[in-house]
Structures are given as C-alpha cells and as structure tokens.
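Visitor: For reference, this is data.csv, and it has CSV, C-alpha atoms.
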chain,number,residue,atom,x,y,z
A,1,MET,CA,77.7,123.9,92.3
A,2,LEU,CA,79.8,122.4,95.1
A,3,ASN,CA,81.1,125.0,97.6
A,4,PRO,CA,84.3,124.5,99.6
A,5,ILE,CA,83.9,123.0,103.1
A,6,GLN,CA,86.0,122.8,106.2
A,7,ILE,CA,85.9,119.7,108.5
A,8,SER,CA,87.9,119.0,111.6
A,9,ALA,CA,89.1,115.4,111.5
A,10,LYS,CA,88.2,113.0,114.2
A,11,ARG,CA,91.0,111.0,115.7
A,12,GLU,CA,89.2,108.0,117.2
A,13,SER,CA,90.6,104.5,117.0
A,14,GLY,CA,90.0,103.0,113.6
A,15,LEU,CA,89.1,104.6,110.3
A,16,ASN,CA,87.7,108.1,110.6
A,17,THR,CA,85.9,109.6,107.6
A,18,VAL,CA,87.1,113.2,107.1
A,19,ILE,CA,85.8,114.2,103.6
A,20,SER,CA,83.2,111.7,102.5
A,21,GLU,CA,82.4,110.6,99.0
A,22,GLY,CA,80.1,113.0,97.3
A,23,GLU,CA,81.5,116.2,98.9
A,24,LEU,CA,83.6,116.4,95.7
A,25,GLY,CA,83.3,114.8,92.4
A,26,LEU,CA,86.2,112.3,92.8
A,27,LEU,CA,88.2,112.8,96.0
A,28,SER,CA,87.6,111.7,99.6
A,29,LEU,CA,89.7,111.5,102.7
A,30,ASP,CA,90.0,109.2,105.7
A,31,LEU,CA,92.3,109.2,108.8
A,32,LEU,CA,93.4,105.8,110.1
A,33,VAL,CA,94.3,105.9,113.8
A,34,LEU,CA,95.8,102.8,115.4
A,35,SER,CA,97.2,102.0,118.8
A,36,SER,CA,100.3,99.8,119.3
A,37,GLY,CA,99.6,96.3,118.1
A,38,GLU,CA,96.2,97.2,116.6
A,39,SER,CA,95.3,96.0,113.1
A,40,PHE,CA,92.8,97.2,110.6
A,41,HIS,CA,91.4,95.6,107.4
A,42,PHE,CA,91.0,98.2,104.7
A,43,SER,CA,89.1,97.8,101.4
A,44,THR,CA,89.6,100.4,98.6
A,45,LYS,CA,86.4,99.3,96.7
A,46,GLY,CA,86.0,101.7,93.7
A,47,SER,CA,88.7,104.2,94.6
A,48,GLU,CA,92.4,104.3,94.2
A,49,ALA,CA,93.8,105.0,97.7
A,50,ALA,CA,97.1,106.2,98.9
A,51,ALA,CA,98.2,105.7,102.5
A,52,VAL,CA,100.4,108.6,103.6
A,53,ILE,CA,101.9,108.2,107.1
A,54,LEU,CA,101.6,111.3,109.3
A,55,SER,CA,103.2,109.7,112.5
A,56,GLY,CA,104.1,106.3,113.9
A,57,GLU,CA,105.1,103.0,112.4
A,58,ALA,CA,103.0,100.3,110.7
A,59,SER,CA,103.2,97.3,108.3
A,60,VAL,CA,100.8,97.0,105.4
A,61,LYS,CA,100.1,93.6,103.8
A,62,THR,CA,98.4,93.5,100.4
A,63,GLN,CA,98.5,91.1,97.5
A,64,GLY,CA,101.1,88.8,99.1
A,65,HIS,CA,103.5,91.7,99.8
A,66,GLU,CA,104.4,93.6,103.0
A,67,TYR,CA,105.4,97.3,103.1
A,68,ARG,CA,106.4,99.5,106.0
A,69,LEU,CA,105.3,103.0,106.8
A,70,LYS,CA,107.3,104.9,109.4
A,71,ARG,CA,107.6,108.6,110.4
A,72,GLU,CA,108.1,110.4,113.7
A,73,SER,CA,106.2,113.5,112.6
A,74,VAL,CA,105.3,115.5,109.5
A,75,PHE,CA,107.5,118.3,110.9
A,76,THR,CA,110.6,116.1,111.5
A,77,GLU,CA,110.7,113.4,108.8
A,78,THR,CA,109.9,112.8,105.2
A,79,ALA,CA,106.8,110.9,104.2
A,80,SER,CA,106.5,107.4,102.9
A,81,ALA,CA,103.3,106.2,101.2
A,82,LEU,CA,101.6,103.1,99.7
A,83,CYS,CA,99.3,103.5,96.7
A,84,LEU,CA,96.6,100.8,96.4
A,85,PRO,CA,94.4,100.3,93.3
A,86,ILE,CA,90.7,99.7,93.1
A,87,ASP,CA,89.2,96.5,94.5
A,88,SER,CA,92.2,96.0,96.8
A,89,GLU,CA,92.4,94.6,100.4
A,90,ALA,CA,95.1,95.6,102.8
A,91,ILE,CA,95.8,94.9,106.5
A,92,PHE,CA,97.5,97.7,108.5
A,93,THR,CA,99.2,96.7,111.8
A,94,ALA,CA,100.7,99.4,114.0
A,95,ASP,CA,104.0,98.8,115.9
A,96,ARG,CA,103.2,102.0,118.0
A,97,PRO,CA,100.6,104.7,118.0
A,98,THR,CA,100.1,105.6,114.3
A,99,GLU,CA,98.1,108.0,112.2
A,100,ILE,CA,97.8,107.5,108.4
A,101,ALA,CA,96.0,109.7,105.9
A,102,ILE,CA,94.1,107.7,103.3
A,103,CYS,CA,93.7,109.8,100.2
A,104,LYS,CA,91.2,108.4,97.8
A,105,ALA,CA,90.0,109.1,94.2
A,106,ARG,CA,87.2,107.3,92.4
A,107,THR,CA,88.3,105.6,89.2
A,108,SER,CA,87.6,102.6,87.0
A,109,GLU,CA,91.2,102.0,86.1
A,110,LYS,CA,92.8,98.9,87.6
A,111,GLY,CA,96.5,99.3,88.6
A,112,GLU,CA,99.1,97.7,90.8
A,113,PRO,CA,100.2,98.7,94.3
A,114,PHE,CA,103.3,100.7,94.5
A,115,PHE,CA,105.4,102.0,97.4
A,116,ILE,CA,107.0,105.5,97.8
A,117,SER,CA,109.9,105.5,100.2
A,118,PRO,CA,111.2,108.8,101.7
A,119,GLU,CA,114.1,108.7,99.3
A,120,MET,CA,111.8,108.6,96.4
A,121,THR,CA,110.0,111.8,97.2
A,122,LYS,CA,111.1,115.0,95.6
A,123,GLU,CA,111.7,118.2,97.6
A,124,LYS,CA,111.9,121.7,96.2
A,125,THR,CA,111.8,125.3,97.4
A,126,VAL,CA,109.0,127.4,95.8
A,127,GLY,CA,108.4,131.1,95.9
A,128,LYS,CA,110.4,133.9,97.5
A,129,GLU,CA,110.4,136.4,100.4
A,130,ASN,CA,107.5,135.6,102.8
A,131,TRP,CA,105.9,133.2,100.4
A,132,GLU,CA,108.9,130.9,100.1
A,133,ARG,CA,108.0,127.4,101.2
A,134,LYS,CA,109.1,123.8,101.0
A,135,VAL,CA,107.1,121.5,98.7
A,136,VAL,CA,107.5,117.7,98.7
A,137,ASP,CA,106.1,115.7,95.8
A,138,ILE,CA,105.0,112.2,97.1
A,139,VAL,CA,103.0,110.7,94.3
A,140,GLY,CA,104.1,112.9,91.4
A,141,ALA,CA,102.9,113.0,87.8
A,142,ASP,CA,105.5,110.4,86.8
A,143,ALA,CA,104.2,107.8,89.4
A,144,PRO,CA,102.2,104.8,88.1
A,145,ALA,CA,99.0,106.1,89.7
A,146,SER,CA,95.6,106.1,88.1
A,147,ARG,CA,94.1,109.3,89.4
A,148,LEU,CA,96.0,110.7,92.4
A,149,VAL,CA,98.7,113.4,92.6
A,150,ILE,CA,99.9,113.9,96.2
A,151,GLY,CA,102.3,116.2,98.0
A,152,GLU,CA,103.0,118.3,101.1
A,153,THR,CA,103.7,121.9,101.7
A,154,PHE,CA,105.5,123.5,104.7
A,155,ASN,CA,104.9,127.2,105.5
A,156,ARG,CA,107.3,129.1,107.7
A,157,PRO,CA,105.7,131.0,110.6
A,158,GLY,CA,104.0,134.0,109.2
A,159,GLY,CA,104.5,132.8,105.6
A,160,TRP,CA,102.2,132.2,102.7
A,161,SER,CA,101.8,129.4,100.2
A,162,SER,CA,99.7,128.4,97.2
A,163,PHE,CA,100.9,131.9,96.2
A,164,PRO,CA,100.7,133.9,94.0
A,165,PRO,CA,97.1,132.6,94.0
A,166,HIS,CA,96.4,130.0,91.4
A,167,LYS,CA,93.4,127.8,90.4
A,168,HIS,CA,92.8,124.6,88.4
A,169,ASP,CA,89.1,124.4,87.9
A,170,THR,CA,88.8,124.9,84.1
A,171,ALA,CA,90.2,122.9,81.2
A,172,ILE,CA,92.2,125.4,79.0
A,173,PRO,CA,94.6,123.5,76.7
A,174,GLY,CA,98.2,124.6,77.5
A,175,VAL,CA,97.1,127.0,80.3
A,176,GLU,CA,95.1,125.1,83.0
A,177,ALA,CA,94.0,121.6,83.8
A,178,LYS,CA,90.7,120.9,85.6
A,179,MET,CA,91.5,119.3,89.0
A,180,GLU,CA,89.8,119.2,92.3
A,181,GLU,CA,91.8,119.2,95.6
A,182,ILE,CA,91.8,118.5,99.3
A,183,TYR,CA,94.1,120.0,102.0
A,184,LEU,CA,94.7,118.4,105.4
A,185,PHE,CA,96.4,120.8,107.8
A,186,ARG,CA,98.8,120.4,110.8
A,187,LEU,CA,100.2,123.2,113.0
A,188,ASN,CA,103.4,123.4,115.0
A,189,PRO,CA,102.8,124.1,117.9
A,190,SER,CA,99.4,122.5,117.5
A,191,GLU,CA,97.5,125.3,119.2
A,192,GLY,CA,98.1,127.7,116.3
A,193,PHE,CA,96.0,128.4,113.2
A,194,GLY,CA,96.3,129.4,109.6
A,195,THR,CA,94.0,130.8,107.0
A,196,GLN,CA,92.6,129.2,103.8
A,197,THR,CA,91.0,131.6,101.3
A,198,ILE,CA,89.2,130.3,98.3
A,199,TYR,CA,87.8,132.9,95.8
A,200,GLY,CA,86.7,133.1,92.2
A,201,LYS,CA,83.7,134.0,90.0
A,202,GLU,CA,81.7,131.5,92.1
A,203,GLY,CA,82.2,133.5,95.3
A,204,SER,CA,84.6,133.9,98.2
A,205,HIS,CA,85.2,131.7,101.3
A,206,SER,CA,87.8,132.2,104.1
A,207,PHE,CA,88.5,129.5,106.8
A,208,LYS,CA,90.4,129.7,110.0
A,209,VAL,CA,92.2,126.3,109.8
A,210,LYS,CA,93.5,124.5,112.9
A,211,ASP,CA,95.4,121.3,113.6
A,212,TYR,CA,93.8,118.4,111.7
A,213,ASP,CA,91.4,120.5,109.7
A,214,ALA,CA,90.6,119.6,106.1
A,215,VAL,CA,89.3,121.8,103.4
A,216,THR,CA,87.9,120.9,100.0
A,217,ILE,CA,88.8,123.0,96.9
A,218,PRO,CA,86.3,122.3,94.1
A,219,TRP,CA,87.1,125.6,92.3
A,220,GLY,CA,88.8,129.0,92.7
A,221,TYR,CA,92.1,130.5,93.7
A,222,HIS,CA,93.2,129.1,97.1
A,223,PRO,CA,96.1,130.9,98.9
A,224,VAL,CA,97.1,129.8,102.5
A,225,SER,CA,98.8,131.8,105.2
A,226,ALA,CA,100.3,130.8,108.6
A,227,MET,CA,100.2,132.9,111.8
A,228,PRO,CA,103.4,134.3,113.2
A,229,GLY,CA,105.2,131.9,115.6
A,230,TYR,CA,103.6,128.8,114.2
A,231,GLY,CA,104.7,126.5,111.3
A,232,LEU,CA,102.0,125.3,109.1
A,233,TYR,CA,101.9,122.0,107.1
A,234,TYR,CA,99.3,120.6,104.7
A,235,LEU,CA,99.0,117.4,102.8
A,236,TRP,CA,97.4,118.1,99.4
A,237,PHE,CA,96.1,115.7,96.8
A,238,LEU,CA,94.3,116.2,93.5
A,239,ALA,CA,92.4,114.3,90.8
A,240,GLY,CA,90.8,115.4,87.6
A,241,GLU,CA,91.4,115.4,83.9
A,242,GLY,CA,94.7,113.5,83.5
A,243,ARG,CA,97.5,113.7,86.1
A,244,VAL,CA,99.2,116.9,84.7
A,245,LEU,CA,99.5,119.8,87.2
A,246,MET,CA,98.9,123.0,85.3
A,247,PRO,CA,97.9,125.8,87.8
A,248,ASN,CA,96.7,129.1,86.4
A,249,THR,CA,97.8,132.2,88.3
A,250,ASP,CA,95.4,135.0,89.1
A,251,PRO,CA,96.2,137.6,86.4
A,252,GLU,CA,95.9,140.4,89.0
A,253,TYR,CA,98.9,139.0,91.0
A,254,LYS,CA,100.9,137.4,88.2
A,255,TRP,CA,103.4,140.2,88.3
A,256,LEU,CA,104.6,138.7,91.6
A,257,GLU,CA,106.0,135.7,89.7
A,258,GLY,CA,108.7,137.9,88.3
A,259,LYS,CA,109.4,139.9,91.4
Would you write the structure of this file as structure tokens?
Guide:
Amino acid sequence: MLNPIQISAKRESGLNTVISEGELGLLSLDLLVLSSGESFHFSTKGSEAAAVILSGEASVKTQGHEYRLKRESVFTETASALCLPIDSEAIFTADRPTEIAICKARTSEKGEPFFISPEMTKEKTVGKENWERKVVDIVGADAPASRLVIGETFNRPGGWSSFPPHKHDTAIPGVEAKMEEIYLFRLNPSEGFGTQTIYGKEGSHSFKVKDYDAVTIPWGYHPVSAMPGYGLYYLWFLAGEGRVLMPNTDPEYKWLEGK
C-alpha cells in the first residue's frame, strides 16, 4: 500500500523533480524554473503533461505551434496552461524569471496539444462559513485530455478546504470514482503554513505544509486548513478511472453539506 508523502520542492534552475514516477500509480510532478532568456527542452515520454504557470512569462514551442504562458503570481492572476500528449517535445523559453508546474500522468493514449487561456478557466465559490473557498477548474472534465484533471483552490486565512472531508479511492458506481491526486501548496505571505490531513481505514497522516510543499493523496479523506493571517493556495491534479470527478463525503460529516 502506498502511503501519503510530503516533499518540499527544489527551485533550482532547470527541471526539478518534485514527486517522481513510482510514488503514485499514475501521477508525478516537476517544477520548471527558468531565468530571463533561458530555454529548456522538455520531453513528455510516456506521460501526458500539463504545464501550469505559477509566475513569470514564457513561450512554448511544440509541433510547429507557439503558445504563451504568463502570470504575475498565483495570488493575483488566473492561470494559463498547455497540455502536451505522450511522446511530445517542447521548448520553453522564459522572457523573465518563470516558474511552471509540470503535472504528469502516465497513459498510452495519444492526443493533441491544447492550450487553456485564463478566460477558458472556470471559477466558482465552494462551501460556506469558514470553509468557503474559491476553486478554479483549469483542465476540467470537458477538456480533451487523456488522463489529467487539474484545478486550483484558494483558502482564506484561517479557512478550510477539501471540506467536508471527501475521498476518491474506491470505484463505487454512481457514488465514487477511483482517482489519485497531488497537491502543490503556496502561502501568502510565504512564511506561513497550513495543515494537510489524510485519514481513512488505511491510517491517518497529518502534515504541516509550507510554501512549495507537495503532498501525495493515494487514498483517504484529505481536508486542508490555513493558519490565521495567511492565505493558502494549492494546485491540484488527479488521474484514475476515467476523468469524472465523483468525491465521496465522509458520512460522519455529511450533515455539514446541508448546513
């Protein structure tokens, strides 16, 4: 059985492996860090890969087309992303210091590249009271992806998310879809921290998550909280059986859905 892990992402120049292949069944995560004018040749190999910009500005050339990723910060502007199919080559060139999350899922399905502009993302408010948060779908279930579903969540200071607690580790038709997941966290201000709890019949884990920490979610309910005074953001992405999100709320706390 795979247990959840927490890893602090390195931010050295070039491609930094954050969650390596094998830590989960399908998913892995890299962080691409480029200085102004720097280029990087990236190969997807046997994974579908989505480049989600966190900050900066870069062009991406692939299959005879050029795309542009641009964002001041995850806390001030909406994301853009480029999804690359398996066996793809891409050249990233930064116009200024840039950080890009590379979300990957192993697959055998061959697709085509597609670009998600900020205007194509879908923003919604989820929850209520101190678990109300903003959720942005980047690569939603209706996107032409092979495996990946990707989005972002923004916690207010002192707020909760992924709440009431839900899980997606078991295939139950009409109730729950089996999907694994990775979270990549940012804090505002960056010195703060949040908590990531993962629990279920397999056990219980609790992590103090800081800026640029990543956590794997192979199973279990997985609520998140932010400390007072500090906003918390996480990039989340999933893959599993199909691309339908069907979270299953912990029965003990389901009454909060109607509160």
Visitor: Quick one: distance from atom CA of A:Gly220 to atom CA of A:Ala51 in Å, one decimal?
Guide: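 Result for atom CA of A:Gly220 versus atom CA of A:Ala51: 27.0 Å, one decimal.
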Visitor: At what distance in Å, to one decimal, does atom CA of A:Ala101 lie from atom CA of A:Glu72?
Guide: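 Going from atom CA of A:Glu72 over to atom CA of A:Ala101, I get 14.4 Å.
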Visitor: Every residue with an atom at most 6 Å from (95.6, 120.0, 113.1) (file coordinates; all atoms listed in the file) is what I'm after, so could you write them as number ranges by chain?
Guide: A: 185-187, 210-213
Visitor: Residues at most 8 Å from A:Phe42, counting only C-alpha atoms, excluding those fewer than 4 positions away in the same chain, as a PyMOL selection string?
Guide: chain A and resi 89-92
Visitor: Out of A:Ala145, A:Val18, A:Leu84, A:Leu245, which residue has the shortest atom-to-atom distance to A:Glu176 when counting all atoms listed in the file?
Guide: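 Closest candidate: A:Leu245.
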Visitor: At a cut-off of 6 Å, using all atoms listed in the file, what residues contact stretch 105-121 of chain A? Leave out same-chain residues fewer than 5 positions from it and give the result as a ChimeraX atom specification.
Guide: /A:26-27,46-48,78-86,137-138
Visitor: Excluding A:Ser73 and residues on its chain fewer than 5 positions from it, collect all residues at most 10 Å away from it, counting all atoms listed in the file, and give them as a PyMOL selection string.
Guide: chain A and resi 53-56+78-79+99
Visitor: Using only C-alpha atoms, find the one residue out of A:Lys208, A:His166, A:Lys45, A:Lys134 that sits nearest to A:Ile5.
Guide: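 Looking at the shortest contact to A:Ile5, the residue is A:Lys208.
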Visitor: Have a look at atom CA of A:Glu191 and atom CA of A:Glu129 and let me know their distance in Å, one decimal.
Guide: 25.4 Å
Visitor: Report as a PyMOL selection string all protein, DNA and RNA residues lying within 12 Å of A:Pro173, evaluated on all atoms listed in the file, omitting residues in the same chain fewer than 4 positions from it.
Guide: chain A and resi 168+177-178+241+244+246-248
Visitor: Given the choices A:Pro218, A:Gly229, A:Leu238, A:Leu24, which gets closest to A:Gly151 if the distance is worked out from all atoms listed in the file?
Guide: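 Closest residue, counting all atoms listed in the file: A:Leu238.
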Visitor: So, counting only C-alpha atoms, which residue among A:Thr17, A:Ser39, A:Trp219, A:Ala141 is closest to A:Gly203?
Guide: A:Trp219
Visitor: My structure is short of atoms at stretch 115-151 of chain A; please model N, CA and C atoms there, returning them as a PDB file, in the frame of the given file.
Guide:
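The file below, result.pdb, is the result:
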ATOM      1  N   PHE A 115     104.920 101.432  96.195  1.00  0.00           N
ATOM      2  CA  PHE A 115     105.400 102.000  97.400  1.00  0.00           C
ATOM      3  C   PHE A 115     106.288 103.219  97.135  1.00  0.00           C
ATOM      4  N   ILE A 116     106.137 104.277  97.907  1.00  0.00           N
ATOM      5  CA  ILE A 116     107.000 105.500  97.800  1.00  0.00           C
ATOM      6  C   ILE A 116     107.775 105.583  99.107  1.00  0.00           C
ATOM      7  N   SER A 117     109.084 105.381  99.035  1.00  0.00           N
ATOM      8  CA  SER A 117     109.900 105.500 100.200  1.00  0.00           C
ATOM      9  C   SER A 117     110.293 107.015 100.388  1.00  0.00           C
ATOM     10  N   PRO A 118     110.781 107.412 101.569  1.00  0.00           N
ATOM     11  CA  PRO A 118     111.200 108.800 101.700  1.00  0.00           C
ATOM     12  C   PRO A 118     112.229 109.253 100.711  1.00  0.00           C
ATOM     13  N   GLU A 119     113.100 108.332 100.309  1.00  0.00           N
ATOM     14  CA  GLU A 119     114.100 108.700  99.300  1.00  0.00           C
ATOM     15  C   GLU A 119     113.572 108.908  97.939  1.00  0.00           C
ATOM     16  N   MET A 120     112.370 108.421  97.675  1.00  0.00           N
ATOM     17  CA  MET A 120     111.800 108.600  96.400  1.00  0.00           C
ATOM     18  C   MET A 120     110.947 109.852  96.216  1.00  0.00           C
ATOM     19  N   THR A 121     110.688 110.544  97.322  1.00  0.00           N
ATOM     20  CA  THR A 121     110.000 111.800  97.200  1.00  0.00           C
ATOM     21  C   THR A 121     110.900 112.877  96.668  1.00  0.00           C
ATOM     22  N   LYS A 122     110.303 113.975  96.183  1.00  0.00           N
ATOM     23  CA  LYS A 122     111.100 115.000  95.600  1.00  0.00           C
ATOM     24  C   LYS A 122     110.808 116.363  96.252  1.00  0.00           C
ATOM     25  N   GLU A 123     111.838 116.929  96.866  1.00  0.00           N
ATOM     26  CA  GLU A 123     111.700 118.200  97.600  1.00  0.00           C
ATOM     27  C   GLU A 123     112.202 119.357  96.802  1.00  0.00           C
ATOM     28  N   LYS A 124     111.501 120.468  96.922  1.00  0.00           N
ATOM     29  CA  LYS A 124     111.900 121.700  96.200  1.00  0.00           C
ATOM     30  C   LYS A 124     111.489 122.898  97.042  1.00  0.00           C
ATOM     31  N   THR A 125     112.166 124.017  96.803  1.00  0.00           N
ATOM     32  CA  THR A 125     111.800 125.300  97.400  1.00  0.00           C
ATOM     33  C   THR A 125     111.066 126.115  96.369  1.00  0.00           C
ATOM     34  N   VAL A 126     109.918 126.666  96.765  1.00  0.00           N
ATOM     35  CA  VAL A 126     109.000 127.400  95.800  1.00  0.00           C
ATOM     36  C   VAL A 126     108.803 128.794  96.391  1.00  0.00           C
ATOM     37  N   GLY A 127     108.712 129.791  95.516  1.00  0.00           N
ATOM     38  CA  GLY A 127     108.400 131.100  95.900  1.00  0.00           C
ATOM     39  C   GLY A 127     109.614 131.913  96.404  1.00  0.00           C
ATOM     40  N   LYS A 128     109.378 133.047  97.038  1.00  0.00           N
ATOM     41  CA  LYS A 128     110.400 133.900  97.500  1.00  0.00           C
ATOM     42  C   LYS A 128     109.891 134.792  98.646  1.00  0.00           C
ATOM     43  N   GLU A 129     110.784 135.528  99.293  1.00  0.00           N
ATOM     44  CA  GLU A 129     110.400 136.400 100.400  1.00  0.00           C
ATOM     45  C   GLU A 129     109.484 135.689 101.372  1.00  0.00           C
ATOM     46  N   ASN A 130     108.368 136.303 101.797  1.00  0.00           N
ATOM     47  CA  ASN A 130     107.500 135.600 102.800  1.00  0.00           C
ATOM     48  C   ASN A 130     106.538 134.663 102.222  1.00  0.00           C
ATOM     49  N   TRP A 131     106.677 134.341 100.919  1.00  0.00           N
ATOM     50  CA  TRP A 131     105.900 133.200 100.400  1.00  0.00           C
ATOM     51  C   TRP A 131     106.811 132.101  99.874  1.00  0.00           C
ATOM     52  N   GLU A 132     108.040 132.081 100.369  1.00  0.00           N
ATOM     53  CA  GLU A 132     108.900 130.900 100.100  1.00  0.00           C
ATOM     54  C   GLU A 132     108.528 129.792 101.018  1.00  0.00           C
ATOM     55  N   ARG A 133     108.419 128.595 100.461  1.00  0.00           N
ATOM     56  CA  ARG A 133     108.000 127.400 101.200  1.00  0.00           C
ATOM     57  C   ARG A 133     108.647 126.171 100.654  1.00  0.00           C
ATOM     58  N   LYS A 134     108.632 125.112 101.444  1.00  0.00           N
ATOM     59  CA  LYS A 134     109.100 123.800 101.000  1.00  0.00           C
ATOM     60  C   LYS A 134     107.941 122.989 100.492  1.00  0.00           C
ATOM     61  N   VAL A 135     108.109 122.381  99.325  1.00  0.00           N
ATOM     62  CA  VAL A 135     107.100 121.500  98.700  1.00  0.00           C
ATOM     63  C   VAL A 135     107.723 120.148  98.481  1.00  0.00           C
ATOM     64  N   VAL A 136     107.038 119.086  98.873  1.00  0.00           N
ATOM     65  CA  VAL A 136     107.500 117.700  98.700  1.00  0.00           C
ATOM     66  C   VAL A 136     106.513 116.968  97.827  1.00  0.00           C
ATOM     67  N   ASP A 137     106.939 116.501  96.659  1.00  0.00           N
ATOM     68  CA  ASP A 137     106.100 115.700  95.800  1.00  0.00           C
ATOM     69  C   ASP A 137     106.186 114.217  96.321  1.00  0.00           C
ATOM     70  N   ILE A 138     105.050 113.612  96.666  1.00  0.00           N
ATOM     71  CA  ILE A 138     105.000 112.200  97.100  1.00  0.00           C
ATOM     72  C   ILE A 138     104.613 111.296  96.015  1.00  0.00           C
ATOM     73  N   VAL A 139     103.429 111.477  95.486  1.00  0.00           N
ATOM     74  CA  VAL A 139     103.000 110.700  94.300  1.00  0.00           C
ATOM     75  C   VAL A 139     102.907 111.762  93.168  1.00  0.00           C
ATOM     76  N   GLY A 140     104.011 111.878  92.430  1.00  0.00           N
ATOM     77  CA  GLY A 140     104.100 112.900  91.400  1.00  0.00           C
ATOM     78  C   GLY A 140     103.480 112.445  90.087  1.00  0.00           C
ATOM     79  N   ALA A 141     103.547 113.322  89.102  1.00  0.00           N
ATOM     80  CA  ALA A 141     102.900 113.000  87.800  1.00  0.00           C
ATOM     81  C   ALA A 141     103.584 111.873  87.086  1.00  0.00           C
ATOM     82  N   ASP A 142     104.817 111.517  87.490  1.00  0.00           N
ATOM     83  CA  ASP A 142     105.500 110.400  86.800  1.00  0.00           C
ATOM     84  C   ASP A 142     105.268 109.068  87.551  1.00  0.00           C
ATOM     85  N   ALA A 143     104.528 109.066  88.646  1.00  0.00           N
ATOM     86  CA  ALA A 143     104.200 107.800  89.400  1.00  0.00           C
ATOM     87  C   ALA A 143     103.179 107.017  88.637  1.00  0.00           C
ATOM     88  N   PRO A 144     103.155 105.693  88.818  1.00  0.00           N
ATOM     89  CA  PRO A 144     102.200 104.800  88.100  1.00  0.00           C
ATOM     90  C   PRO A 144     100.821 104.823  88.740  1.00  0.00           C
ATOM     91  N   ALA A 145     100.306 105.991  89.110  1.00  0.00           N
ATOM     92  CA  ALA A 145      99.000 106.100  89.700  1.00  0.00           C
ATOM     93  C   ALA A 145      97.926 106.209  88.625  1.00  0.00           C
ATOM     94  N   SER A 146      96.698 105.932  89.000  1.00  0.00           N
ATOM     95  CA  SER A 146      95.600 106.100  88.100  1.00  0.00           C
ATOM     96  C   SER A 146      95.030 107.478  88.055  1.00  0.00           C
ATOM     97  N   ARG A 147      94.773 108.030  89.240  1.00  0.00           N
ATOM     98  CA  ARG A 147      94.100 109.300  89.400  1.00  0.00           C
ATOM     99  C   ARG A 147      94.916 110.333  90.210  1.00  0.00           C
ATOM    100  N   LEU A 148      95.518 109.835  91.300  1.00  0.00           N
ATOM    101  CA  LEU A 148      96.000 110.700  92.400  1.00  0.00           C
ATOM    102  C   LEU A 148      97.336 111.388  92.041  1.00  0.00           C
ATOM    103  N   VAL A 149      97.433 112.643  92.471  1.00  0.00           N
ATOM    104  CA  VAL A 149      98.700 113.400  92.600  1.00  0.00           C
ATOM    105  C   VAL A 149      98.747 113.912  94.007  1.00  0.00           C
ATOM    106  N   ILE A 150      99.863 113.652  94.723  1.00  0.00           N
ATOM    107  CA  ILE A 150      99.900 113.900  96.200  1.00  0.00           C
ATOM    108  C   ILE A 150     101.215 114.606  96.535  1.00  0.00           C
ATOM    109  N   GLY A 151     101.140 115.547  97.476  1.00  0.00           N
ATOM    110  CA  GLY A 151     102.300 116.200  98.000  1.00  0.00           C
ATOM    111  C   GLY A 151     102.095 116.857  99.314  1.00  0.00           C
TER     112      GLY A 151
END
